[in-house]
file input-v3.csv (CSV, C-alpha atoms)
chain,number,residue,atom,x,y,z
A,11,MET,CA,0.0,0.0,0.0
A,12,VAL,CA,2.8,2.4,0.9
A,13,GLU,CA,4.6,1.6,-2.3
A,14,TRP,CA,1.5,2.3,-4.3
A,15,ALA,CA,1.1,5.6,-2.5
A,16,LYS,CA,4.7,6.5,-3.3
A,17,ASP,CA,3.9,5.9,-6.9
A,18,GLY,CA,1.1,8.5,-6.8
A,19,ASN,CA,-1.8,6.2,-6.4
A,20,GLU,CA,-4.5,8.4,-4.8
A,21,PRO,CA,-6.8,5.4,-3.7
A,22,ALA,CA,-3.7,4.1,-1.8
A,23,PHE,CA,-3.4,7.4,0.0
A,24,ARG,CA,-7.1,7.3,1.0
A,25,GLU,CA,-6.7,3.7,2.1
A,26,LEU,CA,-3.8,4.6,4.3
A,27,VAL,CA,-5.8,7.3,6.0
A,28,ARG,CA,-8.8,4.9,6.5
A,29,ARG,CA,-6.6,2.2,7.9
A,30,TYR,CA,-4.9,4.4,10.5
A,31,GLU,CA,-7.5,7.1,11.2
A,32,ARG,CA,-9.1,5.4,14.2
A,33,PRO,CA,-5.9,4.4,16.1
A,34,VAL,CA,-4.3,7.7,15.4
A,35,PHE,CA,-7.3,9.7,16.4
A,36,SER,CA,-7.9,7.6,19.5
A,37,LEU,CA,-4.3,8.2,20.7
A,38,LEU,CA,-4.6,12.0,20.1
A,39,TYR,CA,-8.0,12.2,21.7
A,40,ARG,CA,-6.7,10.5,24.8
A,41,MET,CA,-3.7,12.7,24.9
A,42,VAL,CA,-5.5,16.1,24.5
A,43,ARG,CA,-9.1,15.1,25.7
A,44,ASP,CA,-10.7,17.5,23.2
A,45,ARG,CA,-12.4,16.0,20.1
A,46,SER,CA,-12.1,18.9,17.8
A,47,LEU,CA,-8.5,19.5,18.7
A,48,ALA,CA,-7.7,15.8,18.3
A,49,GLU,CA,-9.2,15.9,14.9
A,50,ASP,CA,-7.1,18.9,13.9
A,51,LEU,CA,-3.9,17.1,15.2
A,52,ALA,CA,-4.9,13.9,13.4
A,53,GLN,CA,-5.4,15.8,10.2
A,54,GLU,CA,-2.1,17.6,10.6
A,55,THR,CA,-0.5,14.2,11.2
A,56,PHE,CA,-1.9,12.6,8.0
A,57,ILE,CA,-1.1,15.6,5.9
A,58,LYS,CA,2.6,15.5,7.0
A,59,VAL,CA,2.7,11.7,6.5
A,60,LEU,CA,1.2,11.7,3.0
A,61,ASN,CA,3.0,14.8,1.8
A,62,GLY,CA,6.3,13.3,3.0
A,63,ILE,CA,5.6,9.7,1.9
A,64,ARG,CA,8.6,9.7,-0.5
A,65,SER,CA,10.9,10.3,2.5
A,66,TYR,CA,9.5,7.2,4.3
A,67,ARG,CA,12.2,4.7,5.0
A,68,PRO,CA,10.9,1.1,4.9
A,69,GLU,CA,13.3,-0.1,7.6
A,70,PHE,CA,11.0,1.8,10.0
A,71,LYS,CA,7.5,0.3,10.5
A,72,PHE,CA,5.0,2.5,8.7
A,73,SER,CA,2.6,2.5,11.7
A,74,SER,CA,5.6,3.6,13.9
A,75,TRP,CA,6.3,6.5,11.6
A,76,ILE,CA,2.7,7.7,11.8
A,77,PHE,CA,2.4,7.3,15.5
A,78,LYS,CA,5.8,9.2,16.0
A,79,ILE,CA,4.4,12.2,14.0
A,80,ALA,CA,1.1,12.0,15.9
A,81,ASN,CA,2.7,11.8,19.3
A,82,ASN,CA,5.0,14.7,18.5
A,83,ALA,CA,2.0,16.8,17.5
A,84,ALA,CA,0.3,16.0,20.8
A,85,ILE,CA,3.3,16.6,22.9
A,86,ASP,CA,4.0,19.9,21.1
A,87,HIS,CA,0.5,21.0,21.7
A,88,LEU,CA,0.5,20.1,25.4
A,89,ARG,CA,3.8,22.0,25.9
A,90,ARG,CA,2.3,25.1,24.2
A,91,ARG,CA,-0.8,24.8,26.3
A,92,GLU,CA,1.3,24.5,29.5
A,93,LEU,CA,3.0,27.8,28.6
A,94,ASP,CA,-0.4,29.4,27.9
A,95,THR,CA,-1.7,28.2,31.3
A,96,LEU,CA,1.3,29.7,33.1
A,97,SER,CA,0.7,33.1,31.5
A,98,LEU,CA,-2.8,33.1,33.0
A,99,ASP,CA,-1.2,33.6,36.4
A,100,GLY,CA,-0.1,37.1,35.4
A,101,SER,CA,2.8,39.0,33.9
A,102,PRO,CA,6.2,37.4,34.5
A,103,HIS,CA,7.4,41.0,35.1
A,104,ALA,CA,5.1,41.6,38.0
A,105,GLN,CA,7.0,42.5,41.2
A,106,THR,CA,4.3,42.1,43.8
A,107,PRO,CA,1.3,39.7,44.4
A,108,GLU,CA,-0.9,42.7,43.6
A,109,GLU,CA,0.7,43.2,40.3
A,110,MET,CA,0.4,39.5,39.5
A,111,GLN,CA,-3.3,39.6,40.3
A,112,ALA,CA,-3.8,42.8,38.3
A,113,THR,CA,-2.2,41.3,35.2
A,114,ALA,CA,-3.7,37.9,35.5
A,115,LEU,CA,-6.3,36.9,33.0
A,116,GLN,CA,-9.7,36.7,34.6
A,117,LEU,CA,-11.7,33.7,33.5
A,118,GLY,CA,-15.5,33.6,34.0
A,119,ALA,CA,-17.3,30.5,35.2
A,120,ARG,CA,-17.3,28.1,32.3
A,121,GLN,CA,-20.5,26.5,31.2
A,122,GLU,CA,-20.3,22.9,30.2
A,123,SER,CA,-20.8,22.8,26.5
A,124,ALA,CA,-22.3,19.9,24.4
A,125,LEU,CA,-18.8,19.0,23.4
A,126,ASP,CA,-17.7,18.7,27.0
A,127,ALA,CA,-20.6,16.4,27.5
A,128,VAL,CA,-19.3,14.2,24.7
A,129,VAL,CA,-15.9,14.1,26.1
A,130,SER,CA,-17.2,13.3,29.5
A,131,ARG,CA,-19.3,10.4,28.1
A,132,GLU,CA,-16.4,9.0,26.0
A,133,LEU,CA,-13.5,9.6,28.3
A,134,GLY,CA,-15.3,9.6,31.7
A,135,SER,CA,-14.7,6.1,32.9
A,136,GLN,CA,-12.4,5.5,35.9
A,137,ILE,CA,-9.6,4.1,33.7
A,138,GLU,CA,-9.8,7.0,31.2
A,139,MET,CA,-9.7,9.5,34.1
A,140,ALA,CA,-6.7,7.7,35.6
A,141,ILE,CA,-4.9,7.8,32.2
A,142,ALA,CA,-5.6,11.5,32.0
A,143,ARG,CA,-3.8,12.1,35.3
A,144,LEU,CA,-0.6,10.6,34.0
A,145,ARG,CA,2.1,13.0,32.8
A,146,PRO,CA,2.1,13.2,28.9
A,147,GLU,CA,5.2,11.2,28.4
A,148,TYR,CA,3.9,8.3,30.6
A,149,ARG,CA,0.5,8.6,28.9
A,150,SER,CA,1.8,8.2,25.4
A,151,CYS,CA,4.0,5.3,26.4
A,152,ILE,CA,1.2,3.4,28.1
A,153,LEU,CA,-1.3,4.0,25.3
A,154,LEU,CA,1.2,2.9,22.6
A,155,ARG,CA,2.2,-0.2,24.6
A,156,HIS,CA,-1.1,-1.4,26.1
A,157,VAL,CA,-3.8,0.1,23.9
A,158,GLU,CA,-2.1,0.0,20.5
A,159,GLY,CA,0.1,-3.0,21.3
A,160,HIS,CA,3.5,-1.7,20.1
A,161,SER,CA,6.7,-3.4,21.4
A,162,TYR,CA,9.0,-1.5,23.8
A,163,GLU,CA,11.6,-1.3,21.0
A,164,GLU,CA,9.1,0.3,18.6
A,165,ILE,CA,8.0,2.8,21.2
A,166,ALA,CA,11.7,3.7,21.9
A,167,GLN,CA,12.2,4.3,18.2
A,168,MET,CA,9.0,6.3,17.9
A,169,LEU,CA,9.6,8.6,20.9
A,170,ASP,CA,13.4,8.8,20.4
A,171,LEU,CA,14.0,7.5,23.9
A,172,PRO,CA,16.4,4.9,25.2
A,173,LEU,CA,14.7,1.5,25.7
A,174,GLY,CA,15.4,1.6,29.4
A,175,THR,CA,13.6,4.9,29.8
A,176,VAL,CA,10.6,3.6,27.9
A,177,LYS,CA,10.4,0.5,30.3
A,178,THR,CA,10.8,2.8,33.3
A,179,TYR,CA,8.0,5.1,32.1
A,180,ILE,CA,5.7,2.2,31.4
A,181,HIS,CA,6.3,0.5,34.8
A,182,ARG,CA,5.8,3.8,36.6
A,183,ALA,CA,2.7,4.6,34.6
A,184,ARG,CA,1.2,1.2,35.4
A,185,ASN,CA,2.0,1.7,39.1
A,186,GLU,CA,0.4,5.2,39.1
A,187,LEU,CA,-2.7,3.9,37.2
A,188,ARG,CA,-3.2,1.1,39.8
A,189,GLY,CA,-2.8,3.6,42.6
A,190,TYR,CA,-5.4,6.0,41.1
A,191,LEU,CA,-7.8,3.2,40.4
A,192,GLU,CA,-7.5,1.7,43.9
A,193,ALA,CA,-7.9,5.2,45.5
A,194,THR,CA,-11.1,5.7,43.4
A,195,ARG,CA,-12.5,2.3,44.6
A,196,GLU,CA,-11.8,3.0,48.3
B,12,MET,CA,7.6,-22.2,51.1
B,13,THR,CA,10.4,-22.1,48.6
B,14,PRO,CA,13.4,-20.0,49.6
B,15,LEU,CA,13.5,-16.7,47.8
B,16,THR,CA,17.1,-17.1,46.8
B,17,LEU,CA,16.1,-20.1,44.6
B,18,HIS,CA,12.9,-18.4,43.3
B,19,PRO,CA,13.2,-14.6,43.5
B,20,HIS,CA,10.1,-12.4,43.2
B,21,LEU,CA,8.9,-11.8,39.6
B,22,THR,CA,10.3,-8.7,38.0
B,23,PRO,CA,7.9,-6.2,36.4
B,24,ASP,CA,8.8,-7.6,33.0
B,25,GLU,CA,8.0,-11.1,34.1
B,26,VAL,CA,4.7,-9.9,35.7
B,27,GLU,CA,3.8,-8.4,32.4
B,28,LEU,CA,4.7,-11.6,30.5
B,29,TRP,CA,2.6,-13.6,33.0
B,30,ALA,CA,-0.4,-11.3,32.6
B,31,GLN,CA,-0.2,-11.8,28.8
B,32,GLY,CA,0.2,-15.6,29.2
B,33,LEU,CA,3.7,-15.6,28.0
B,34,LEU,CA,5.8,-16.3,31.1
B,35,GLY,CA,7.6,-19.7,31.1
B,36,ALA,CA,6.2,-22.4,33.4
B,37,ALA,CA,9.3,-22.5,35.5
B,38,ARG,CA,9.0,-18.9,36.6
B,39,ALA,CA,5.2,-18.9,36.7
B,40,MET,CA,5.5,-21.7,39.3
B,41,HIS,CA,6.8,-19.0,41.7
B,42,LEU,CA,3.2,-17.6,41.9
B,43,ALA,CA,2.0,-20.8,43.5
B,44,ASP,CA,4.4,-20.2,46.5
B,45,CYS,CA,4.3,-16.4,46.7
B,46,ALA,CA,1.1,-14.7,47.7
B,47,GLU,CA,2.7,-11.2,47.3
B,48,CYS,CA,3.7,-11.8,43.7
B,49,LEU,CA,0.3,-13.4,43.0
B,50,VAL,CA,-1.6,-10.3,44.2
B,51,THR,CA,0.7,-8.0,42.2
B,52,ALA,CA,0.3,-10.2,39.1
B,53,GLU,CA,-3.4,-10.4,39.3
B,54,ARG,CA,-3.8,-6.7,39.7
B,55,GLU,CA,-1.5,-6.2,36.7
B,56,ARG,CA,-3.5,-8.6,34.6
B,57,LYS,CA,-6.7,-6.8,35.4
B,58,LEU,CA,-5.1,-3.4,34.5
B,59,LEU,CA,-3.7,-4.7,31.2
B,60,ARG,CA,-7.1,-6.3,30.3
B,61,ASP,CA,-8.9,-3.0,31.1
B,62,LEU,CA,-6.4,-1.1,28.9
B,63,ALA,CA,-6.6,-3.5,26.0
B,64,GLN,CA,-10.4,-3.3,26.1
B,65,LEU,CA,-10.5,0.5,25.7
B,66,PRO,CA,-12.6,1.5,22.7
B,67,ARG,CA,-11.2,3.2,19.6
B,68,PHE,CA,-12.8,6.4,18.6
B,69,THR,CA,-13.7,7.6,15.1
B,70,PRO,CA,-13.2,11.1,13.8
B,71,GLU,CA,-16.1,13.0,12.3
B,72,TYR,CA,-17.6,11.9,9.0
B,73,GLY,CA,-15.6,13.1,6.0
B,74,PHE,CA,-12.2,13.0,7.7
B,75,VAL,CA,-10.5,11.3,4.7
B,76,ASP,CA,-11.7,14.0,2.3
B,77,ARG,CA,-10.6,16.8,4.6
B,78,VAL,CA,-7.1,15.3,4.8
B,79,MET,CA,-7.0,14.7,1.0
B,80,ALA,CA,-7.9,18.3,0.3
B,81,HIS,CA,-4.4,19.2,1.7
B,82,VAL,CA,-2.4,16.4,0.2
B,83,ARG,CA,-0.2,16.7,-2.9
B,84,VAL,CA,-0.3,13.3,-4.7
B,85,PRO,CA,3.0,12.7,-6.5
B,86,THR,CA,2.9,11.7,-10.1
B,87,PRO,CA,5.2,9.0,-11.4
B,88,SER,CA,7.4,11.7,-12.9
B,89,GLY,CA,7.9,13.1,-9.4
B,90,ASP,CA,5.7,16.2,-9.9
B,91,PHE,CA,2.8,16.8,-7.6
B,92,SER,CA,-0.9,17.1,-8.4
B,93,ALA,CA,-3.0,19.3,-6.0
call {"tool": "encode", "arguments": {"input": "input-v3.csv", "output": "structure tokens"}}
result
Amino acid sequence: MVEWAKDGNEPAFRELVRRYERPVFSLLYRMVRDRSLAEDLAQETFIKVLNGIRSYRPEFKFSSWIFKIANNAAIDHLRRRELDTLSLDGSPHAQTPEEMQATALQLGARQESALDAVVSRELGSQIEMAIARLRPEYRSCILLRHVEGHSYEEIAQMLDLPLGTVKTYIHRARNELRGYLEATRE
Amino acid sequence: MTPLTLHPHLTPDEVELWAQGLLGAARAMHLADCAECLVTAERERKLLRDLAQLPRFTPEYGFVDRVMAHVRVPTPSGDFSA
């Protein structure tokens, strides 16, 4: 299929999107917990993959290549959002708590939208909530390993991390998940 | 009770293998003697099962067309069509 796509076969392009849209979208949705944003990131992922198909190296698994690009998109987004969140606390140049407060963005009480309700229905189970509490690096590792079924080696390649780090992240993530789930049950 | 020096506790990797039904019988035997490892292994198996059963989600209808609107399909000559 990839070879056909490289040869400019448009149906092959479409088939590649169809084949991977659900796993890629699911990973992104669980990473950012926002349907519309996950769809934008998934779209960005596939556009990058398909426009760069000629640079794809077959020694790398095709699915690993797609997930690598998708994961980078999610992590980049989450880092940008973290910076935005910090700026809500007020100007970094503020000298006193009063100045901080004066320059902080004031957010009104947020009404739950229809989209929030969808997210809460789809990602509201205890295990989904526990996954959401993991730090992003742990979250992507655990999703790639235990939801998508990639090997530790593939994940290390996808995330550009040493194999030992991937194993440590996944073991810690599983411990944290068990901890959260047990705390919820008590 | 078997001495631990002969049959040390299962490592996290071994617990994962056991939970997936892939741990060799010789090491899996440890669970018959060690209640601590058995509890850990069963909790791990439940967690892995829960994770594996998570549903996949589908993007909104028309996703493929929305992607393809931004893709340049290469022609055999190496040019791109819009």
call {"tool": "interface_residues", "arguments": {"input": "input-v3.csv", "of": "chain B", "to": "chain A", "cutoff": "7 Å", "atoms": "only C-alpha atoms", "output": "list of chain:residue names"}}
result
B:Leu59, B:Leu62, B:Ala63, B:Leu65, B:Arg67, B:Phe68, B:Thr69, B:Pro70, B:Val75, B:Val78, B:His81, B:Val82, B:Arg83, B:Val84, B:Pro85, B:Thr86, B:Pro87
call {"tool": "closest_residue", "arguments": {"input": "input-v3.csv", "among": "B:Ala80, B:Leu21, B:Leu28, B:Ala37", "to": "B:Val50", "atoms": "all atoms listed in the file"}}
result
B:Leu21
call {"tool": "residues_near_point", "arguments": {"input": "input-v3.csv", "point": "(-5.5, -5.5, 42.2)", "cutoff": "12 Å", "atoms": "all atoms listed in the file", "output": "list in words"}}
result
Arg184, Asn185, Leu187, Arg188, Gly189, Tyr190, Leu191, Glu192, Ala193 and Arg195 of chain A; Glu47, Cys48, Leu49, Val50, Thr51, Ala52, Glu53, Arg54, Glu55, Arg56, Lys57, Leu58, Leu59 and Asp61 of chain B
call {"tool": "atom_distance", "arguments": {"input": "input-v3.csv", "atom1": "atom CA of A:Ile165", "atom2": "atom CA of A:Lys78"}}
result
8.5 Å
call {"tool": "atom_distance", "arguments": {"input": "input-v3.csv", "atom1": "atom CA of B:Arg38", "atom2": "atom CA of B:Val26"}}
result
10.0 Å
call {"tool": "residues_around", "arguments": {"input": "input-v3.csv", "residues": "A:Pro146", "least_positions_apart": "2", "cutoff": "9 Å", "atoms": "all atoms listed in the file", "output": "PyMOL selection string"}}
result
chain A and resi 41+84-85+88+142-144+148-151
call {"tool": "write_last_selection", "arguments": {"input": "input-v3.csv", "atoms": "C-alpha atoms", "output": "compact mmCIF listing (two decimals), in the frame of the given file"}}
result
# COMPACT_ATOMS: atom_id res chain seq x y z
CA MET A 41 -3.70 12.70 24.90
CA ALA A 84 0.30 16.00 20.80
CA ILE A 85 3.30 16.60 22.90
CA LEU A 88 0.50 20.10 25.40
CA ALA A 142 -5.60 11.50 32.00
CA ARG A 143 -3.80 12.10 35.30
CA LEU A 144 -0.60 10.60 34.00
CA TYR A 148 3.90 8.30 30.60
CA ARG A 149 0.50 8.60 28.90
CA SER A 150 1.80 8.20 25.40
CA CYS A 151 4.00 5.30 26.40
call {"tool": "atom_distance", "arguments": {"input": "input-v3.csv", "atom1": "atom CA of A:Phe77", "atom2": "atom CA of A:Met139"}}
result
22.3 Å
call {"tool": "closest_residue", "arguments": {"input": "input-v3.csv", "among": "A:Tyr66, A:Glu92, A:Arg43, A:Leu171", "to": "A:Gly134", "atoms": "all atoms listed in the file"}}
result
A:Arg43
call {"tool": "closest_residue", "arguments": {"input": "input-v3.csv", "among": "A:Met168, A:Ala183, A:Val176, A:Ala127", "to": "A:Asp44", "atoms": "all atoms listed in the file"}}
result
A:Ala127
call {"tool": "build_atoms", "arguments": {"input": "input-v3.csv", "residues": "stretch 41-73 of chain B", "atoms": "N, CA and C atoms", "output": "mmCIF file, in the frame of the given file"}}
result
data_model
loop_
_atom_site.group_PDB
_atom_site.id
_atom_site.type_symbol
_atom_site.label_atom_id
_atom_site.label_comp_id
_atom_site.auth_asym_id
_atom_site.auth_seq_id
_atom_site.Cartn_x
_atom_site.Cartn_y
_atom_site.Cartn_z
ATOM 1 N N HIS B 41 6.502 -19.805 40.534
ATOM 2 C CA HIS B 41 6.800 -19.000 41.700
ATOM 3 C C HIS B 41 5.465 -18.447 42.318
ATOM 4 N N LEU B 42 4.494 -18.192 41.445
ATOM 5 C CA LEU B 42 3.200 -17.600 41.900
ATOM 6 C C LEU B 42 2.455 -18.582 42.812
ATOM 7 N N ALA B 43 2.736 -19.868 42.663
ATOM 8 C CA ALA B 43 2.000 -20.800 43.500
ATOM 9 C C ALA B 43 2.528 -20.745 44.955
ATOM 10 N N ASP B 44 3.755 -20.230 45.125
ATOM 11 C CA ASP B 44 4.400 -20.200 46.500
ATOM 12 C C ASP B 44 4.361 -18.783 47.068
ATOM 13 N N CYS B 45 4.132 -17.773 46.248
ATOM 14 C CA CYS B 45 4.300 -16.400 46.700
ATOM 15 C C CYS B 45 3.048 -15.581 46.596
ATOM 16 N N ALA B 46 2.383 -15.402 47.733
ATOM 17 C CA ALA B 46 1.100 -14.700 47.700
ATOM 18 C C ALA B 46 1.325 -13.214 47.283
ATOM 19 N N GLU B 47 2.461 -12.629 47.658
ATOM 20 C CA GLU B 47 2.700 -11.200 47.300
ATOM 21 C C GLU B 47 2.797 -11.036 45.826
ATOM 22 N N CYS B 48 3.562 -11.915 45.155
ATOM 23 C CA CYS B 48 3.700 -11.800 43.700
ATOM 24 C C CYS B 48 2.339 -12.097 43.015
ATOM 25 N N LEU B 49 1.585 -13.041 43.596
ATOM 26 C CA LEU B 49 0.300 -13.400 43.000
ATOM 27 C C LEU B 49 -0.658 -12.212 42.997
ATOM 28 N N VAL B 50 -0.703 -11.507 44.134
ATOM 29 C CA VAL B 50 -1.600 -10.300 44.200
ATOM 30 C C VAL B 50 -1.168 -9.287 43.188
ATOM 31 N N THR B 51 0.154 -9.010 43.136
ATOM 32 C CA THR B 51 0.700 -8.000 42.200
ATOM 33 C C THR B 51 0.315 -8.429 40.753
ATOM 34 N N ALA B 52 0.547 -9.723 40.459
ATOM 35 C CA ALA B 52 0.300 -10.200 39.100
ATOM 36 C C ALA B 52 -1.133 -10.129 38.699
ATOM 37 N N GLU B 53 -2.014 -10.445 39.645
ATOM 38 C CA GLU B 53 -3.400 -10.400 39.300
ATOM 39 C C GLU B 53 -3.927 -8.976 39.092
ATOM 40 N N ARG B 54 -3.407 -8.069 39.897
ATOM 41 C CA ARG B 54 -3.800 -6.700 39.700
ATOM 42 C C ARG B 54 -3.270 -6.165 38.353
ATOM 43 N N GLU B 55 -2.065 -6.592 38.030
ATOM 44 C CA GLU B 55 -1.500 -6.200 36.700
ATOM 45 C C GLU B 55 -2.302 -6.748 35.581
ATOM 46 N N ARG B 56 -2.710 -8.002 35.716
ATOM 47 C CA ARG B 56 -3.500 -8.600 34.600
ATOM 48 C C ARG B 56 -4.791 -7.874 34.410
ATOM 49 N N LYS B 57 -5.438 -7.474 35.527
ATOM 50 C CA LYS B 57 -6.700 -6.800 35.400
ATOM 51 C C LYS B 57 -6.481 -5.402 34.703
ATOM 52 N N LEU B 58 -5.414 -4.715 35.107
ATOM 53 C CA LEU B 58 -5.100 -3.400 34.500
ATOM 54 C C LEU B 58 -4.864 -3.554 32.995
ATOM 55 N N LEU B 59 -4.039 -4.543 32.641
ATOM 56 C CA LEU B 59 -3.700 -4.700 31.200
ATOM 57 C C LEU B 59 -4.952 -5.081 30.409
ATOM 58 N N ARG B 60 -5.825 -5.891 31.022
ATOM 59 C CA ARG B 60 -7.100 -6.300 30.300
ATOM 60 C C ARG B 60 -7.936 -5.023 30.122
ATOM 61 N N ASP B 61 -8.044 -4.207 31.163
ATOM 62 C CA ASP B 61 -8.900 -3.000 31.100
ATOM 63 C C ASP B 61 -8.313 -2.057 29.969
ATOM 64 N N LEU B 62 -6.991 -1.935 29.917
ATOM 65 C CA LEU B 62 -6.400 -1.100 28.900
ATOM 66 C C LEU B 62 -6.628 -1.606 27.501
ATOM 67 N N ALA B 63 -6.462 -2.930 27.360
ATOM 68 C CA ALA B 63 -6.600 -3.500 26.000
ATOM 69 C C ALA B 63 -8.061 -3.435 25.534
ATOM 70 N N GLN B 64 -8.998 -3.305 26.480
ATOM 71 C CA GLN B 64 -10.400 -3.300 26.100
ATOM 72 C C GLN B 64 -10.920 -1.838 25.830
ATOM 73 N N LEU B 65 -10.047 -0.860 25.963
ATOM 74 C CA LEU B 65 -10.500 0.500 25.700
ATOM 75 C C LEU B 65 -10.982 0.654 24.276
ATOM 76 N N PRO B 66 -12.062 1.381 24.063
ATOM 77 C CA PRO B 66 -12.600 1.500 22.700
ATOM 78 C C PRO B 66 -11.716 2.408 21.831
ATOM 79 N N ARG B 67 -11.843 2.219 20.540
ATOM 80 C CA ARG B 67 -11.200 3.200 19.600
ATOM 81 C C ARG B 67 -12.289 4.166 19.186
ATOM 82 N N PHE B 68 -11.863 5.381 18.966
ATOM 83 C CA PHE B 68 -12.800 6.400 18.600
ATOM 84 C C PHE B 68 -12.625 6.766 17.090
ATOM 85 N N THR B 69 -13.685 7.294 16.512
ATOM 86 C CA THR B 69 -13.700 7.600 15.100
ATOM 87 C C THR B 69 -13.806 9.117 14.894
ATOM 88 N N PRO B 70 -12.984 9.696 14.014
ATOM 89 C CA PRO B 70 -13.200 11.100 13.800
ATOM 90 C C PRO B 70 -14.500 11.394 13.041
ATOM 91 N N GLU B 71 -14.855 12.657 12.945
ATOM 92 C CA GLU B 71 -16.100 13.000 12.300
ATOM 93 C C GLU B 71 -16.158 12.554 10.846
ATOM 94 N N TYR B 72 -17.368 12.321 10.351
ATOM 95 C CA TYR B 72 -17.600 11.900 9.000
ATOM 96 C C TYR B 72 -16.874 12.831 7.999
ATOM 97 N N GLY B 73 -16.229 12.265 6.975
ATOM 98 C CA GLY B 73 -15.600 13.100 6.000
ATOM 99 C C GLY B 73 -14.119 13.383 6.266
#
